[in-house]
Amino acid sequence: MIKVKGLQKKFDTLHVLKGIDVNIKKGEVVVVIGPSGSGKSTFLRCLNLLEEVSGGQILIDNQEITSPKVNVNTVRQKMGMVFQHFNLFPHLTIRGNITLAPVLLKKMTKEEADKRALELLNIVGLADKADNYPAQLSGGQKQRVAIARALAMDPEIMLFDEPTSALDPEMVGEVLEVMKDLARSGMTMVIVTHEMGFAREVASRVLFMDQGIIMEDGTPDEVFSHPKNERTRLFLSKIL
Amino acid sequence: MEWFNTWAADIASTFEKCFIRENRYKLLLNGIGVTIKVALLAVILGVLIGFIIALCNLSKSKLLRFFGGIYTDVIRGTPSVTQLMIIYFVIFATVNLDKWIIAAIAFSINSGAYVSEIFRAGILSIDKGQTEAGRSLGLSAYQTMTRIVLPQALKNIFPTLCNEFIVLIKETAIVGYVGLMDIQKAGDFIKSATFEAFMPLIATAIIYYVLIKLLTLALGRIEKKLRASDIR
């Protein structure tokens with residue numbers, strides 16, 4: 001479903017991604033771990049072209065999205081993204097946050113979108129908050145709304161950029177629960193996180209990134225229990 | 001009490017001379033109309049110009065940024081009376097337009113430079129994450145700007161924008177320079193005709209004050225509505 005070939009990203013003189021090659025199949029839950037500055041967030045942001053790619057190719061369903069001819073907006077509609085800092089739209093109600101894109105992009109009528117929003121809010125357990133504004137929600141609730149907002153576009157892939165890093169510890173669980181349900185439903189997911197327990201439990205694959213390359217790629221058991229790479233071992237010994 | 005009666009009679013007669021005789025109050029009333037007409041059109045055009053210049057200044061194109069920079073630089077660097085007179089007596093000298101429209105255009109060109117800086121700051125004050133969230137949902141740059149960034153930016157800059165409107169209304173008091181009879185000019189006219197300075201000028205001040213007070217109250221109401229999403 002996602003094919004990445006020799007992906008490069010440079011910020012002026014800073015070489016962040018130095019050739020990433022990875023294939024992600026439909027339904028896989030891929031967790032990307034690594035020390036800060038290793039390029040994992042940049043890699044994720046390249047996948048939906050929030051960062052301009054400096055070299056290499058990304059193919060989604062065999063369509064090369066890194067080609068200049070591609071309509072970025074339609075590509076992004078297939079991919080939902082959840083951010084570390086939620087990035088909910090503070091001037092819109094929760095319902096407004098969820099229905100904005102589907103209605104504006106003519107995927108649904110206003111009524112259909114409202115109905116879908118309520119369904120999604122039910123799934124993330126926040127149906128009673130539909131008419132509240134983001135400022136009235138806790139961090140964990142905001143992040144669950146952000147997930148619902150991304151799902152409203154019926155994406156084929158969900159990208160998570162450190163979704164629990166900005167949360168108070170007691171709110172991490174509720175967000176991870178929603179993500180677990182999503183994984184079980186067969187959604188293709190790429191998740192950058194520091195939640196190793198979650199990675200072990202939910203991931204079908206773990207990628208360890210360091211210094212702009214993928215150092216290790218395997219099942220959670222392979223990566224966590226029998227890391228082949230010295231850097232992986234060192235990183236895991238520091239955080240586990 | 002004798003002195004009081006004399007004093008009151010004196011006031012009454014000055015008042016009569018300044019405002020009632022020869023229907024002089026009508027000069028002020030018409031002046032209010034002129035001031036409001038000029039200010040209103042200038043505010044509308046000024047916001048439009050300001051928005052366009054702000055987009056130029058924020059654009060990726062070097063040429064547009066250069067243009068925006070020059071515009072702001074020149075307008076801010078010259079007095080508005082000079083600009084008004086240049087636009088009226090030079091640029092629109094041979095154009096057959098109503099005086100007040102030309103004056104409004106002059107004020108909007110002036111105001112646009114300040115409004116553009118307000119807009120620019122407002123747009124820049126919105127977190128980059130908002131744009132990213134919009135784009136990640138598949139919205140175009142235009143949709144993200146109009147549906148996500150601008151509504152928030154407008155809310156943030158609203159008080160500053162109101163301040164600019166108020167400054168602009170008072171700024172229009174110089175339209176007498178191009179022969180328009182606004183509130184200020186009407187007051188001045190009565191002063192010359194009656195040789196009374198106190199009453200016409202104080203009346204002028206009171207009229208401006210009341211106009212701006214009414215505007216401030218109205219804008220305050222709108223701001224309250226805009227803040228609806230801030231409740232916690």
# chains A, B, ... in the order shown; residues from 1 in each chain; ligands from 1
$ interface_residues --of "chain A" --to "chain B" --cutoff "7 Å" --atoms "only C-alpha atoms" --output "VMD selection string"
chain A and resid 73 to 74 76 to 77 80 to 81 87 89 to 91 101 133 135 to 136 150
$ write_last_selection --atoms "N, CA and C atoms" --output "PDB file, in the first residue's frame"
ATOM      1  N   ASN A  73      -3.886  17.583  -2.697  1.00  0.00           N
ATOM      2  CA  ASN A  73      -5.081  17.595  -1.855  1.00  0.00           C
ATOM      3  C   ASN A  73      -5.850  16.279  -1.915  1.00  0.00           C
ATOM      4  N   THR A  74      -5.943  15.697  -3.117  1.00  0.00           N
ATOM      5  CA  THR A  74      -6.671  14.429  -3.208  1.00  0.00           C
ATOM      6  C   THR A  74      -5.869  13.305  -2.546  1.00  0.00           C
ATOM      7  N   ARG A  76      -3.963  13.621   0.034  1.00  0.00           N
ATOM      8  CA  ARG A  76      -4.073  13.763   1.491  1.00  0.00           C
ATOM      9  C   ARG A  76      -5.428  13.307   2.016  1.00  0.00           C
ATOM     10  N   GLN A  77      -6.454  13.371   1.139  1.00  0.00           N
ATOM     11  CA  GLN A  77      -7.769  12.942   1.597  1.00  0.00           C
ATOM     12  C   GLN A  77      -7.793  11.460   1.940  1.00  0.00           C
ATOM     13  N   GLY A  80      -5.323  10.175   6.937  1.00  0.00           N
ATOM     14  CA  GLY A  80      -5.631  11.013   8.096  1.00  0.00           C
ATOM     15  C   GLY A  80      -4.369  11.234   8.899  1.00  0.00           C
ATOM     16  N   MET A  81      -4.279  12.420   9.522  1.00  0.00           N
ATOM     17  CA  MET A  81      -3.091  12.672  10.332  1.00  0.00           C
ATOM     18  C   MET A  81      -3.503  13.177  11.712  1.00  0.00           C
ATOM     19  N   ASN A  87      -4.021  20.201  17.298  1.00  0.00           N
ATOM     20  CA  ASN A  87      -4.367  21.140  16.224  1.00  0.00           C
ATOM     21  C   ASN A  87      -5.843  21.120  15.876  1.00  0.00           C
ATOM     22  N   PHE A  89      -9.438  22.953  15.544  1.00  0.00           N
ATOM     23  CA  PHE A  89      -9.738  24.325  15.148  1.00  0.00           C
ATOM     24  C   PHE A  89     -10.511  25.002  16.278  1.00  0.00           C
ATOM     25  N   PRO A  90      -9.897  25.930  16.996  1.00  0.00           N
ATOM     26  CA  PRO A  90     -10.523  26.459  18.220  1.00  0.00           C
ATOM     27  C   PRO A  90     -11.783  27.274  17.958  1.00  0.00           C
ATOM     28  N   HIS A  91     -11.967  27.773  16.739  1.00  0.00           N
ATOM     29  CA  HIS A  91     -13.136  28.615  16.470  1.00  0.00           C
ATOM     30  C   HIS A  91     -14.362  27.802  16.081  1.00  0.00           C
ATOM     31  N   ALA A 101     -14.145  19.359   6.856  1.00  0.00           N
ATOM     32  CA  ALA A 101     -13.519  18.843   5.637  1.00  0.00           C
ATOM     33  C   ALA A 101     -14.474  18.003   4.785  1.00  0.00           C
ATOM     34  N   TYR A 133     -16.757  23.586  22.539  1.00  0.00           N
ATOM     35  CA  TYR A 133     -15.593  24.065  21.796  1.00  0.00           C
ATOM     36  C   TYR A 133     -14.337  23.366  22.326  1.00  0.00           C
ATOM     37  N   ALA A 135     -11.652  24.367  23.506  1.00  0.00           N
ATOM     38  CA  ALA A 135     -11.078  24.906  24.737  1.00  0.00           C
ATOM     39  C   ALA A 135     -11.719  24.305  25.980  1.00  0.00           C
ATOM     40  N   GLN A 136     -12.895  23.696  25.816  1.00  0.00           N
ATOM     41  CA  GLN A 136     -13.592  23.147  26.979  1.00  0.00           C
ATOM     42  C   GLN A 136     -13.229  21.692  27.248  1.00  0.00           C
ATOM     43  N   ALA A 150      -9.986  13.097  11.775  1.00  0.00           N
ATOM     44  CA  ALA A 150      -9.242  12.484  10.672  1.00  0.00           C
ATOM     45  C   ALA A 150     -10.049  11.340  10.060  1.00  0.00           C
TER      46      ALA A 150
END
$ residues_around --residues "region 193-197 of chain A" --least-positions-apart "6" --cutoff "9 Å" --atoms "only C-alpha atoms" --output "PyMOL selection string"
chain A and resi 31-34+160-165+224+239-240
$ residues_around --residues "region 183-187 of chain A" --least-positions-apart "4" --cutoff "9 Å" --atoms "only C-alpha atoms" --output "short mmCIF file (atom, residue, chain, number, x, y, z; two decimals) with N, CA and C atoms, in the first residue's frame"
data_model
loop_
_atom_site.label_atom_id
_atom_site.label_comp_id
_atom_site.auth_asym_id
_atom_site.auth_seq_id
_atom_site.Cartn_x
_atom_site.Cartn_y
_atom_site.Cartn_z
N LYS A 26 -1.31 -3.19 3.42
CA LYS A 26 -2.64 -2.82 3.93
C LYS A 26 -2.90 -3.54 5.25
N GLY A 27 -3.42 -2.80 6.21
CA GLY A 27 -3.78 -3.39 7.50
C GLY A 27 -2.64 -3.49 8.49
N GLU A 28 -1.44 -3.14 8.05
CA GLU A 28 -0.31 -3.19 8.98
C GLU A 28 -0.35 -2.02 9.96
N VAL A 29 0.11 -2.28 11.17
CA VAL A 29 0.26 -1.21 12.15
C VAL A 29 1.76 -1.08 12.41
N PRO A 155 -10.29 7.82 5.67
CA PRO A 155 -8.96 7.61 5.10
C PRO A 155 -8.62 6.12 5.02
N GLU A 156 -7.68 5.80 4.14
CA GLU A 156 -7.22 4.41 4.05
C GLU A 156 -6.03 4.19 4.96
N ILE A 157 -5.37 5.31 5.28
CA ILE A 157 -4.17 5.23 6.12
C ILE A 157 -4.30 6.27 7.23
N MET A 158 -3.87 5.93 8.43
CA MET A 158 -3.84 6.93 9.50
C MET A 158 -2.40 7.10 9.97
N VAL A 178 -8.38 4.09 22.02
CA VAL A 178 -9.02 4.40 20.74
C VAL A 178 -8.16 3.91 19.59
N MET A 179 -6.85 4.11 19.73
CA MET A 179 -5.95 3.69 18.65
C MET A 179 -5.91 2.16 18.53
N VAL A 202 0.41 -3.61 20.13
CA VAL A 202 -0.44 -3.34 18.98
C VAL A 202 0.30 -3.46 17.65
N ALA A 203 1.58 -3.15 17.64
CA ALA A 203 2.29 -3.06 16.36
C ALA A 203 2.38 -4.40 15.69
#
$ residues_around --residues "region 175-185 of chain B" --least-positions-apart "4" --cutoff "8 Å" --atoms "only C-alpha atoms" --output "PyMOL selection string"
chain B and resi 27-35+81+84-85+88+99-100+103+189+204+207-208
$ residues_around --residues "Glu201 (chain A)" --least-positions-apart "5" --cutoff "10 Å" --atoms "only C-alpha atoms" --output "PDB file with all heavy atoms, in the first residue's frame"
ATOM      1  N   LYS A 180      -5.985   1.488  19.672  1.00  0.00           N
ATOM      2  CA  LYS A 180      -6.001   0.016  19.648  1.00  0.00           C
ATOM      3  C   LYS A 180      -7.232  -0.488  18.905  1.00  0.00           C
ATOM      4  O   LYS A 180      -7.134  -1.379  18.060  1.00  0.00           O
ATOM      5  CB  LYS A 180      -6.020  -0.527  21.081  1.00  0.00           C
ATOM      6  CG  LYS A 180      -4.639  -0.659  21.692  1.00  0.00           C
ATOM      7  CD  LYS A 180      -4.760  -1.246  23.103  1.00  0.00           C
ATOM      8  CE  LYS A 180      -3.598  -0.754  23.967  1.00  0.00           C
ATOM      9  NZ  LYS A 180      -3.809  -1.033  25.395  1.00  0.00           N
ATOM     10  N   MET A 196       6.327   2.359  24.453  1.00  0.00           N
ATOM     11  CA  MET A 196       6.860   1.064  24.055  1.00  0.00           C
ATOM     12  C   MET A 196       5.894  -0.085  24.362  1.00  0.00           C
ATOM     13  O   MET A 196       5.800  -1.049  23.614  1.00  0.00           O
ATOM     14  CB  MET A 196       8.200   0.825  24.754  1.00  0.00           C
ATOM     15  CG  MET A 196       9.265   1.811  24.322  1.00  0.00           C
ATOM     16  SD  MET A 196       9.516   1.831  22.530  1.00  0.00           S
ATOM     17  CE  MET A 196      10.066   3.516  22.310  1.00  0.00           C
ATOM     18  N   PRO A 220       7.554  -6.660  16.753  1.00  0.00           N
ATOM     19  CA  PRO A 220       7.905  -6.095  18.060  1.00  0.00           C
ATOM     20  C   PRO A 220       8.838  -7.017  18.838  1.00  0.00           C
ATOM     21  O   PRO A 220       9.787  -6.556  19.470  1.00  0.00           O
ATOM     22  CB  PRO A 220       6.548  -5.974  18.754  1.00  0.00           C
ATOM     23  CG  PRO A 220       5.545  -5.903  17.680  1.00  0.00           C
ATOM     24  CD  PRO A 220       6.101  -6.677  16.535  1.00  0.00           C
ATOM     25  N   ASP A 221       8.570  -8.313  18.749  1.00  0.00           N
ATOM     26  CA  ASP A 221       9.398  -9.255  19.493  1.00  0.00           C
ATOM     27  C   ASP A 221      10.843  -9.218  18.997  1.00  0.00           C
ATOM     28  O   ASP A 221      11.785  -9.146  19.786  1.00  0.00           O
ATOM     29  CB  ASP A 221       8.809 -10.662  19.341  1.00  0.00           C
ATOM     30  CG  ASP A 221       9.470 -11.621  20.310  1.00  0.00           C
ATOM     31  OD1 ASP A 221       9.516 -11.290  21.512  1.00  0.00           O
ATOM     32  OD2 ASP A 221       9.972 -12.665  19.852  1.00  0.00           O
TER      33      ASP A 221
END
$ residues_around --residues "region 60-70 of chain B" --least-positions-apart "4" --cutoff "12 Å" --atoms "only C-alpha atoms" --output "number ranges by chain"
B: 49-56, 74-77, 112-114, 116-117, 120
$ write_last_selection --atoms "N, CA, C and O atoms" --output "PDB file, in the first residue's frame"
ATOM      1  N   ILE B  49      -7.907  46.809   0.580  1.00  0.00           N
ATOM      2  CA  ILE B  49      -6.532  47.083   0.170  1.00  0.00           C
ATOM      3  C   ILE B  49      -5.559  46.468   1.174  1.00  0.00           C
ATOM      4  O   ILE B  49      -4.588  45.817   0.795  1.00  0.00           O
ATOM      5  N   GLY B  50      -5.852  46.647   2.456  1.00  0.00           N
ATOM      6  CA  GLY B  50      -4.969  46.116   3.496  1.00  0.00           C
ATOM      7  C   GLY B  50      -4.811  44.615   3.386  1.00  0.00           C
ATOM      8  O   GLY B  50      -3.709  44.081   3.521  1.00  0.00           O
ATOM      9  N   PHE B  51      -5.917  43.920   3.105  1.00  0.00           N
ATOM     10  CA  PHE B  51      -5.864  42.473   2.988  1.00  0.00           C
ATOM     11  C   PHE B  51      -4.999  42.060   1.797  1.00  0.00           C
ATOM     12  O   PHE B  51      -4.145  41.181   1.904  1.00  0.00           O
ATOM     13  N   ILE B  52      -5.203  42.753   0.673  1.00  0.00           N
ATOM     14  CA  ILE B  52      -4.424  42.408  -0.522  1.00  0.00           C
ATOM     15  C   ILE B  52      -2.934  42.671  -0.284  1.00  0.00           C
ATOM     16  O   ILE B  52      -2.085  41.835  -0.609  1.00  0.00           O
ATOM     17  N   ILE B  53      -2.629  43.832   0.329  1.00  0.00           N
ATOM     18  CA  ILE B  53      -1.217  44.134   0.589  1.00  0.00           C
ATOM     19  C   ILE B  53      -0.622  43.124   1.584  1.00  0.00           C
ATOM     20  O   ILE B  53       0.528  42.698   1.436  1.00  0.00           O
ATOM     21  N   ALA B  54      -1.419  42.705   2.565  1.00  0.00           N
ATOM     22  CA  ALA B  54      -0.926  41.715   3.527  1.00  0.00           C
ATOM     23  C   ALA B  54      -0.591  40.410   2.809  1.00  0.00           C
ATOM     24  O   ALA B  54       0.450  39.796   3.069  1.00  0.00           O
ATOM     25  N   LEU B  55      -1.460  39.995   1.876  1.00  0.00           N
ATOM     26  CA  LEU B  55      -1.187  38.774   1.121  1.00  0.00           C
ATOM     27  C   LEU B  55       0.077  38.934   0.288  1.00  0.00           C
ATOM     28  O   LEU B  55       0.872  38.010   0.160  1.00  0.00           O
ATOM     29  N   CYS B  56       0.273  40.141  -0.280  1.00  0.00           N
ATOM     30  CA  CYS B  56       1.504  40.409  -1.034  1.00  0.00           C
ATOM     31  C   CYS B  56       2.715  40.228  -0.119  1.00  0.00           C
ATOM     32  O   CYS B  56       3.686  39.561  -0.466  1.00  0.00           O
ATOM     33  N   VAL B  74       6.056  53.843   1.583  1.00  0.00           N
ATOM     34  CA  VAL B  74       5.737  55.190   1.084  1.00  0.00           C
ATOM     35  C   VAL B  74       4.566  55.794   1.846  1.00  0.00           C
ATOM     36  O   VAL B  74       4.603  56.956   2.253  1.00  0.00           O
ATOM     37  N   ILE B  75       3.526  55.000   2.053  1.00  0.00           N
ATOM     38  CA  ILE B  75       2.328  55.532   2.722  1.00  0.00           C
ATOM     39  C   ILE B  75       2.631  55.909   4.167  1.00  0.00           C
ATOM     40  O   ILE B  75       2.201  56.954   4.660  1.00  0.00           O
ATOM     41  N   ARG B  76       3.408  55.067   4.826  1.00  0.00           N
ATOM     42  CA  ARG B  76       3.700  55.369   6.226  1.00  0.00           C
ATOM     43  C   ARG B  76       4.674  56.536   6.367  1.00  0.00           C
ATOM     44  O   ARG B  76       4.729  57.185   7.403  1.00  0.00           O
ATOM     45  N   GLY B  77       5.422  56.774   5.290  1.00  0.00           N
ATOM     46  CA  GLY B  77       6.465  57.795   5.367  1.00  0.00           C
ATOM     47  C   GLY B  77       6.015  59.190   4.962  1.00  0.00           C
ATOM     48  O   GLY B  77       6.817  60.115   4.964  1.00  0.00           O
ATOM     49  N   GLY B 112      -5.075  51.427   4.236  1.00  0.00           N
ATOM     50  CA  GLY B 112      -4.673  50.102   3.768  1.00  0.00           C
ATOM     51  C   GLY B 112      -3.284  49.704   4.214  1.00  0.00           C
ATOM     52  O   GLY B 112      -3.023  48.546   4.543  1.00  0.00           O
ATOM     53  N   ALA B 113      -2.379  50.669   4.235  1.00  0.00           N
ATOM     54  CA  ALA B 113      -1.010  50.374   4.638  1.00  0.00           C
ATOM     55  C   ALA B 113      -0.963  49.911   6.095  1.00  0.00           C
ATOM     56  O   ALA B 113      -0.242  48.972   6.436  1.00  0.00           O
ATOM     57  N   TYR B 114      -1.735  50.558   6.938  1.00  0.00           N
ATOM     58  CA  TYR B 114      -1.747  50.170   8.355  1.00  0.00           C
ATOM     59  C   TYR B 114      -2.517  48.875   8.558  1.00  0.00           C
ATOM     60  O   TYR B 114      -2.098  47.991   9.312  1.00  0.00           O
ATOM     61  N   SER B 116      -2.860  46.514   6.474  1.00  0.00           N
ATOM     62  CA  SER B 116      -2.098  45.374   5.968  1.00  0.00           C
ATOM     63  C   SER B 116      -1.163  44.826   7.037  1.00  0.00           C
ATOM     64  O   SER B 116      -1.010  43.614   7.179  1.00  0.00           O
ATOM     65  N   GLU B 117      -0.565  45.709   7.803  1.00  0.00           N
ATOM     66  CA  GLU B 117       0.325  45.246   8.872  1.00  0.00           C
ATOM     67  C   GLU B 117      -0.468  44.523   9.961  1.00  0.00           C
ATOM     68  O   GLU B 117       0.002  43.546  10.542  1.00  0.00           O
ATOM     69  N   ARG B 120      -1.302  41.129   8.519  1.00  0.00           N
ATOM     70  CA  ARG B 120      -0.113  40.285   8.435  1.00  0.00           C
ATOM     71  C   ARG B 120       0.199  39.690   9.800  1.00  0.00           C
ATOM     72  O   ARG B 120       0.420  38.491   9.946  1.00  0.00           O
TER      73      ARG B 120
END
$ closest_residue --among "A:Ala199, A:Lys40, A:Gly140, A:Gly55" --to "Gly173 (chain A)" --atoms "only C-alpha atoms"
A:Gly140
$ atom_distance --atom1 "CA of Ala127 (chain A)" --atom2 "CA of Val103 (chain A)"
19.5 Å
$ atom_distance --atom1 "CA of Met153 (chain A)" --atom2 "CA of Leu105 (chain A)"
9.3 Å
$ closest_residue --among "A:Lys78, A:Arg45, A:Lys25, A:Arg233" --to "Ile191 (chain A)" --atoms "only C-alpha atoms"
A:Arg45
$ closest_residue --among "A:His15, A:Lys106, A:Arg205, A:Lys115" --to "Ser38 (chain A)" --atoms "only C-alpha atoms"
A:His15
$ select_by_dssp --residues "region 56-236 of chain A" --states "strand (DSSP E)" --output "MDAnalysis selection string"
chainID A and resid 56:60 63:64 79:82 157:161 188:192 205:210 213:218
$ decode --residues "region 3-21 of chain B" --atoms "N, CA and C atoms" --output "PDB file, in the first residue's frame"
ATOM      1  N   TRP B   3     -26.622  87.939  38.023  1.00  0.00           N
ATOM      2  CA  TRP B   3     -25.501  87.531  37.167  1.00  0.00           C
ATOM      3  C   TRP B   3     -25.815  86.245  36.399  1.00  0.00           C
ATOM      4  N   PHE B   4     -26.549  85.380  37.088  1.00  0.00           N
ATOM      5  CA  PHE B   4     -26.863  84.101  36.444  1.00  0.00           C
ATOM      6  C   PHE B   4     -27.761  84.293  35.239  1.00  0.00           C
ATOM      7  N   ASN B   5     -28.760  85.150  35.415  1.00  0.00           N
ATOM      8  CA  ASN B   5     -29.685  85.395  34.318  1.00  0.00           C
ATOM      9  C   ASN B   5     -28.978  85.999  33.112  1.00  0.00           C
ATOM     10  N   THR B   6     -28.090  86.946  33.391  1.00  0.00           N
ATOM     11  CA  THR B   6     -27.334  87.557  32.310  1.00  0.00           C
ATOM     12  C   THR B   6     -26.496  86.496  31.586  1.00  0.00           C
ATOM     13  N   TRP B   7     -25.861  85.673  32.426  1.00  0.00           N
ATOM     14  CA  TRP B   7     -24.972  84.641  31.868  1.00  0.00           C
ATOM     15  C   TRP B   7     -25.753  83.664  31.000  1.00  0.00           C
ATOM     16  N   ALA B   8     -26.899  83.214  31.518  1.00  0.00           N
ATOM     17  CA  ALA B   8     -27.729  82.257  30.794  1.00  0.00           C
ATOM     18  C   ALA B   8     -28.241  82.872  29.494  1.00  0.00           C
ATOM     19  N   ALA B   9     -28.637  84.131  29.579  1.00  0.00           N
ATOM     20  CA  ALA B   9     -29.134  84.812  28.382  1.00  0.00           C
ATOM     21  C   ALA B   9     -28.024  84.928  27.339  1.00  0.00           C
ATOM     22  N   ASP B  10     -26.833  85.182  27.844  1.00  0.00           N
ATOM     23  CA  ASP B  10     -25.655  85.281  26.981  1.00  0.00           C
ATOM     24  C   ASP B  10     -25.403  83.971  26.234  1.00  0.00           C
ATOM     25  N   ILE B  11     -25.435  82.898  26.999  1.00  0.00           N
ATOM     26  CA  ILE B  11     -25.224  81.564  26.428  1.00  0.00           C
ATOM     27  C   ILE B  11     -26.291  81.294  25.377  1.00  0.00           C
ATOM     28  N   ALA B  12     -27.523  81.571  25.755  1.00  0.00           N
ATOM     29  CA  ALA B  12     -28.627  81.294  24.842  1.00  0.00           C
ATOM     30  C   ALA B  12     -28.468  82.075  23.552  1.00  0.00           C
ATOM     31  N   SER B  13     -28.047  83.312  23.653  1.00  0.00           N
ATOM     32  CA  SER B  13     -27.929  84.120  22.439  1.00  0.00           C
ATOM     33  C   SER B  13     -26.761  83.644  21.573  1.00  0.00           C
ATOM     34  N   THR B  14     -25.657  83.239  22.235  1.00  0.00           N
ATOM     35  CA  THR B  14     -24.540  82.687  21.445  1.00  0.00           C
ATOM     36  C   THR B  14     -24.977  81.404  20.755  1.00  0.00           C
ATOM     37  N   PHE B  15     -25.685  80.581  21.503  1.00  0.00           N
ATOM     38  CA  PHE B  15     -26.170  79.311  20.954  1.00  0.00           C
ATOM     39  C   PHE B  15     -27.054  79.570  19.746  1.00  0.00           C
ATOM     40  N   GLU B  16     -27.941  80.534  19.910  1.00  0.00           N
ATOM     41  CA  GLU B  16     -28.845  80.867  18.820  1.00  0.00           C
ATOM     42  C   GLU B  16     -28.050  81.329  17.597  1.00  0.00           C
ATOM     43  N   LYS B  17     -27.041  82.158  17.874  1.00  0.00           N
ATOM     44  CA  LYS B  17     -26.235  82.689  16.773  1.00  0.00           C
ATOM     45  C   LYS B  17     -25.476  81.570  16.045  1.00  0.00           C
ATOM     46  N   CYS B  18     -24.937  80.661  16.830  1.00  0.00           N
ATOM     47  CA  CYS B  18     -24.072  79.626  16.234  1.00  0.00           C
ATOM     48  C   CYS B  18     -24.863  78.526  15.522  1.00  0.00           C
ATOM     49  N   PHE B  19     -25.993  78.168  16.080  1.00  0.00           N
ATOM     50  CA  PHE B  19     -26.628  76.968  15.549  1.00  0.00           C
ATOM     51  C   PHE B  19     -28.006  77.195  14.941  1.00  0.00           C
ATOM     52  N   ILE B  20     -28.758  78.183  15.444  1.00  0.00           N
ATOM     53  CA  ILE B  20     -30.118  78.328  14.961  1.00  0.00           C
ATOM     54  C   ILE B  20     -30.199  79.320  13.794  1.00  0.00           C
ATOM     55  N   ARG B  21     -29.554  80.457  13.976  1.00  0.00           N
ATOM     56  CA  ARG B  21     -29.614  81.498  12.954  1.00  0.00           C
ATOM     57  C   ARG B  21     -29.097  80.960  11.622  1.00  0.00           C
TER      58      ARG B  21
END
